[in-house]
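K.L.:
Shown below is the structure under consideration.
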Amino acid sequence: MTELLPTIWFILISVLWTGFLFLEGFDLGVGMLMKLFARTDRERRVLLNTVGPVWDGNEVWLVTAIGATLAAFPLWYASLLSTLYLPFILVLLALIFRAVAFEYRGKMNSDQWRRRWDLAIFLGSFTAAAGIGAALALTTSGLPLNENGDRVGGPFVWVTFDAFLGAAAVVLFCLAHALAFLVLKTDGPIRERARKLLIRLLPLAVVPLLLWAATVHLAGGTVWTGLILAVAVAAAAASWFAEWSSHDGWGFIWLGAALAASLACIFGSAYPVVLPSTLSDAFNLTVENASSSPYTLGLMSIVAAVGVPLVLAYQGWTYWVFRKRVTEKSIPDAHSVSPL
C-alpha cells in the first residue's frame with residue numbers, strides 16, 4: 001500500500017486542480033465578462049450576483065491543491081513555485097485585487113468608482129486565469145531544472161510557447177464556461193445573449209485546451225490517454241450541440257466533462273513525471289523521488305478521507321441554496337446609504 005500512496009496523491013492533486021478549474025473557471029470567466037459582455041451597470045450587477053455567494057468558496061480548491069502539493073510532493077512544490085516565482089506572485093496579487101474589488105465595488109454610488117473596480121475585477125480574473133494556465137502547462141511540458149531541482153537560467157526562462165498555450169487554454173475555457181453558467185443562472189436578454197455568444201465561441205474556446213492535451217499525449221501518452229482525449233473532443237462537441245438545442249444544463253455538464261477529460265489525459269500522459277526537466281530526463285521529478293515519506297502520505301490520506309467529503313457536501317449545499325436564477329428585475333436601483 002505504501003508504494004501506491006504517491007500515485008494516489010498524484011491522482012488526488014489532479015482531481016483538486018480539475019475541481020478548481022471547473023468551479024473557479026466560470027467564476028474567473030464571469031469576472032472577465034464584466035468588461036467583455038455586460039453592457040450596463042445593472043447587467044454587471046447581475047453577473048456579480050450569480051457568483052457572489054460562491055466565488056470565495058471556489059478559491060478553496062486552489063489553496064487545497066497547492067497545499068496538498070507542498071505536503072505530498074515537497075520537491076515538486078519547491079521547484080515549481082521557485083522557478084515560477086514571478087507568475088505566481090502576479091496570480092496572488094490578481095486574486096487579492098479581485099477580491100477587494102468584489103467587496104468595494106458597491107461601497108459608493110459613483111459610476112467612475114464602479115468602472116474602476118470593474119476594471120480591477122476584469123484584470124484580476126484575466127491575470128489569475130492566464131497565470132494558472134501557464135503554470136499548469138509548464139508542469140507538464142517541463143522547466144530547465146538541474147539535478148537539485150533548481151532553475152537554470154534567468155527569471156523569464158518560463159516564457160515559452162507551452163506557457164502561452166496553457167494561458168490561452170484556461171482563459172478561453174473560463175470565458176466559455178462562464179457563458180454556459182450565465183445561461184443557467186440568468187434569465188431574459190442576458191441569458192439569450194450569453195447562449196448566442198457561447199454557440200459562436202465554444203468551438204474556438206476549446207481548441208487550445210484540446211491542443212494542450214494532444215501535445216502532452218503525443219509526448220508520453222498511452223492508448224488509454226488517447227481514448228480519454230477522444231472523450232474530451234466528444235464532450236466538447238456534445239456541449240455545443242446541447243447549447244444549440246437549448247439544453248442548458250447538459251451544455252454546462254458536457255463542457256465540464258470536456259475539461260475533466262482533457263486534464264485526465266494531460267496528467268495521465270505525464271505520469272509518473274510530476275515536473276520534467278528540459279535539461280535532462282535524469283533530472284525529472286517523479287511521484288517516487290519527489291514525494292513525502294509513507295508516514296506523511298498515510299496521515300494525509302486519513303485527513304483527506306474526512307475533509308474532502310465535508311468540503312464537497314458544504315459546497316454542494318451552497319450551490320443548492322443559491323440555485324435560483326438572477327434577473328435584472330431582482331437587482332434594486334443603485335442608491336447611497338447615509339451613515340448612522
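Residues are referred to by chain and number: the chain letter is A, B, ... according to the order shown in the C-alpha cells, the number counts from 1 in that chain, and ligands are numbered separately from 1 in the order shown.
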For Ile228 of chain A, find every residue with an atom within 7 Å (counting only C-alpha atoms), except residues of its own chain fewer than 3 positions away, and show them as a PyMOL selection string.
P.N.:
chain A and resi 224-225+231-232+261+265
K.L.:
Between A:Ala72, A:Ile8, A:Val60, A:Leu138, which has the minimum distance to Leu275 of chain A (counting only C-alpha atoms)?
P.N.:
A:Leu138
K.L.:
For a quick check of understanding, using only C-alpha atoms, which of A:Arg105, A:His177, A:Lys329, A:Arg114 has the smallest distance to Met32 of chain A?
P.N.:
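Looking only at the distances to Met32 of chain A, the closest residue turns out to be A:His177.
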K.L.:
Among the residues of segment 30-259 of chain A, find those DSSP assigns to strand (DSSP E or B) from the backbone and print them as a ChimeraX atom specification.
P.N.:
/A:143,145,151,186
K.L.:
Those residues with all heavy atoms, as a PDB file, in the first residue's frame please?
P.N.:
```pdb
ATOM      1  N   LEU A 143      10.548  22.403 -17.302  1.00  0.00           N
ATOM      2  CA  LEU A 143      11.287  23.615 -16.976  1.00  0.00           C
ATOM      3  C   LEU A 143      12.768  23.278 -16.901  1.00  0.00           C
ATOM      4  O   LEU A 143      13.132  22.116 -16.651  1.00  0.00           O
ATOM      5  CB  LEU A 143      10.808  24.180 -15.634  1.00  0.00           C
ATOM      6  CG  LEU A 143       9.393  24.756 -15.604  1.00  0.00           C
ATOM      7  CD1 LEU A 143       8.913  24.943 -14.158  1.00  0.00           C
ATOM      8  CD2 LEU A 143       9.338  26.081 -16.346  1.00  0.00           C
ATOM      9  N   LEU A 145      15.498  22.545 -15.116  1.00  0.00           N
ATOM     10  CA  LEU A 145      15.893  22.214 -13.749  1.00  0.00           C
ATOM     11  C   LEU A 145      17.164  21.370 -13.766  1.00  0.00           C
ATOM     12  O   LEU A 145      17.312  20.474 -14.607  1.00  0.00           O
ATOM     13  CB  LEU A 145      14.776  21.439 -13.045  1.00  0.00           C
ATOM     14  CG  LEU A 145      13.388  22.107 -13.011  1.00  0.00           C
ATOM     15  CD1 LEU A 145      12.382  21.154 -12.369  1.00  0.00           C
ATOM     16  CD2 LEU A 145      13.441  23.427 -12.257  1.00  0.00           C
ATOM     17  N   ARG A 151      16.284  26.058 -10.714  1.00  0.00           N
ATOM     18  CA  ARG A 151      16.160  26.649 -12.041  1.00  0.00           C
ATOM     19  C   ARG A 151      17.522  26.999 -12.608  1.00  0.00           C
ATOM     20  O   ARG A 151      18.389  27.526 -11.928  1.00  0.00           O
ATOM     21  CB  ARG A 151      15.297  27.917 -11.953  1.00  0.00           C
ATOM     22  CG  ARG A 151      15.043  28.604 -13.298  1.00  0.00           C
ATOM     23  CD  ARG A 151      14.405  29.960 -13.090  1.00  0.00           C
ATOM     24  NE  ARG A 151      15.330  30.917 -12.482  1.00  0.00           N
ATOM     25  CZ  ARG A 151      14.980  31.904 -11.677  1.00  0.00           C
ATOM     26  NH1 ARG A 151      13.719  32.053 -11.340  1.00  0.00           N
ATOM     27  NH2 ARG A 151      15.887  32.718 -11.185  1.00  0.00           N
ATOM     28  N   THR A 186     -29.114  32.955 -15.221  1.00  0.00           N
ATOM     29  CA  THR A 186     -29.809  34.206 -15.505  1.00  0.00           C
ATOM     30  C   THR A 186     -31.034  33.931 -16.376  1.00  0.00           C
ATOM     31  O   THR A 186     -31.255  32.808 -16.838  1.00  0.00           O
ATOM     32  CB  THR A 186     -28.889  35.211 -16.211  1.00  0.00           C
ATOM     33  OG1 THR A 186     -28.508  34.695 -17.499  1.00  0.00           O
ATOM     34  CG2 THR A 186     -27.640  35.488 -15.390  1.00  0.00           C
TER      35      THR A 186
END
```
K.L.:
Using Å and a single decimal, report how far atom CA of Tyr314 of chain A sits from atom CA of Ile331 of chain A.
P.N.:
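Rounded to one decimal, the two atoms are 26.7 Å apart.
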K.L.:
I'd like the contact shell of Phe181 of chain A - 10 Å cut-off, only C-alpha atoms, skipping same-chain residues fewer than 5 positions apart - returned as a VMD selection string.
P.N.:
chain A and resid 25 to 27 29 to 30 50 to 51 175 to 176 186 191 194 to 195 248 to 249 251 to 253
